[in-house]
Each structure stands twice: as structure tokens, then as C-alpha cells.
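Colleague: For reference, the structure I am asking about is given below.
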Amino acid sequence: MRALPICLLALMLSGCTLLSRSPAEPAKDTVITPKVEPEKTKAPRAPMVKIYTQAEDLVGKPFRDLGEVSGESCQATNQDSPPNIPTARKRMQINASKMKANAVLLHGCEVTSGTPGCYRQAVCVGSALNITAK
């Protein structure tokens, strides 16, 4: 029975030595400061490019034709997801914004087969336009 109090005393003394610091070691704060993550910067969004499906919608609006623009969505193999016309339209808008256009007159979209490198492909073609305000 005498061994139990001696073991407990030895355990308490050894536990206290773990908390002591050497004089050369600076005291550390026990308060944990939260890490401040750098602010995530969003990628600059492309300016909105409006899609016109009919040329009649442009009557009375001054515009400049910047050239032909296209977008595509490719299904590389039979196991890949099918080509997507909305994706091809979005890529056409992105390509038009690279040409400094703010509108596209859509000529048409189609899904084709047998394109080199693609099992099936969706392609949208249009004219990039810069419409000026009156």
C-alpha cells in the first residue's frame, strides 16, 4: 500500500517538470489566433455579350461588324459526355468578348459527326458585333 502513494507522488512531480520552461526559452501565448486567409480574388469576368437570333432585332441600332466568331463543344470518344449546344454558345460569347464585341448575331448551331479529333461536335457560328449607344 505504501507503493501507491509513492508512485502517485512520483507521477505528479514528473508531470510538473514537463510544464517548466528554461529561462532562455521565451514564453508562448496560450491564446490561439485564427489564421487569416488571403482574400480570394475572383477571376475577371468577361463582359456580357448579348446574343441576337434575328437580324430584325438590330434594326435602328448602330453597330459595327467585327467578323465571324464560333464556339464548339467536343465529344472526343463514344464514352464521353455528349456535345452541348449551350456550351458551344457560351464559348462563342467568350470568343466574341475577346474581339471586344458586346453582341453576337447567331447564324446557327449544329451537331456534327466525323470531325477529326471529335466523335461528335456541337458548333455555333455567328457575327461578332459592337453595338454603340445612340
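Labels for the C-alpha cells follow display order: chains A, B, ..., residues from 1 in each chain, ligands from 1.
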Contacts of Val111 (chain A) at 7 Å or less, counting only C-alpha atoms, minus same-chain residues fewer than 6 places along, as number ranges by chain?
Modeller: A: 120-123
Colleague: What is the distance between CA of Asn95 (chain A) and CA of Gly67 (chain A), in Å to one decimal?
Modeller: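 CA of Asn95 (chain A) sits 11.2 Å away from CA of Gly67 (chain A).
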Colleague: Hey, what's within 7 Å of region 52-64 of chain A if we count only C-alpha atoms and toss same-chain stuff fewer than 5 positions away? As a PyMOL selection string, please?
Modeller: chain A and resi 104-106+129-132
Colleague: Residues as selected, C-alpha atoms, written as a CSV table (one decimal), in the first residue's frame, can you do that?
Modeller:
chain,number,residue,atom,x,y,z
A,104,VAL,CA,-23.3,38.3,-81.4
A,105,LEU,CA,-25.8,37.8,-84.3
A,106,LEU,CA,-26.2,34.0,-84.1
A,129,LEU,CA,-20.8,43.0,-83.3
A,130,ASN,CA,-20.0,46.1,-81.4
A,131,ILE,CA,-23.3,48.0,-80.8
A,132,THR,CA,-23.0,51.6,-79.9
Colleague: What's the separation between CA of Lys100 (chain A) and CA of Thr87 (chain A), in Å to one decimal place?
Modeller: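 These two atoms are separated by 20.1 Å.
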Colleague: Any idea what the distance is between CA of Thr115 (chain A) and CA of Pro82 (chain A)?
Modeller: 13.9 Å
Colleague: Would you mind listing what lies within 10 Å of Ser70 (chain A) as an mmCIF file with C-alpha atoms, in the first residue's frame, with only C-alpha atoms counted and same-chain residues fewer than 5 positions away left out?
Modeller:
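Below is the file selection27.cif, written as the result:
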data_model
loop_
_atom_site.group_PDB
_atom_site.id
_atom_site.type_symbol
_atom_site.label_atom_id
_atom_site.label_comp_id
_atom_site.auth_asym_id
_atom_site.auth_seq_id
_atom_site.Cartn_x
_atom_site.Cartn_y
_atom_site.Cartn_z
ATOM 1 C CA ALA A 88 -20.826 25.976 -77.660
ATOM 2 C CA ARG A 89 -22.903 29.193 -77.459
ATOM 3 C CA LYS A 90 -21.123 30.257 -74.263
ATOM 4 C CA ARG A 91 -17.731 29.656 -75.856
ATOM 5 C CA MET A 92 -18.844 31.687 -78.867
ATOM 6 C CA GLN A 93 -19.719 34.559 -76.496
ATOM 7 C CA ILE A 94 -16.307 34.276 -74.818
ATOM 8 C CA ASN A 95 -14.551 34.368 -78.192
ATOM 9 C CA ALA A 96 -16.627 37.404 -79.191
ATOM 10 C CA VAL A 104 -23.323 38.346 -81.449
ATOM 11 C CA LEU A 106 -26.224 33.973 -84.143
ATOM 12 C CA HIS A 107 -26.224 32.343 -87.582
ATOM 13 C CA GLY A 108 -26.806 28.821 -86.286
ATOM 14 C CA CYS A 109 -25.771 25.874 -84.155
ATOM 15 C CA VAL A 123 -20.622 24.181 -83.265
ATOM 16 C CA CYS A 124 -22.226 27.622 -83.064
ATOM 17 C CA VAL A 125 -21.337 30.317 -85.606
ATOM 18 C CA GLY A 126 -22.227 33.990 -85.597
ATOM 19 C CA SER A 127 -21.063 37.532 -86.316
ATOM 20 C CA ALA A 128 -19.329 39.479 -83.574
#
Colleague: Need the shell around Asp80 (chain A): protein/DNA/RNA residues with any atom at most 10 Å away, counting only C-alpha atoms. Skip same-chain ones fewer than 5 positions apart. Format as an MDAnalysis selection string?
Modeller: chainID A and resid 74:75 119:120
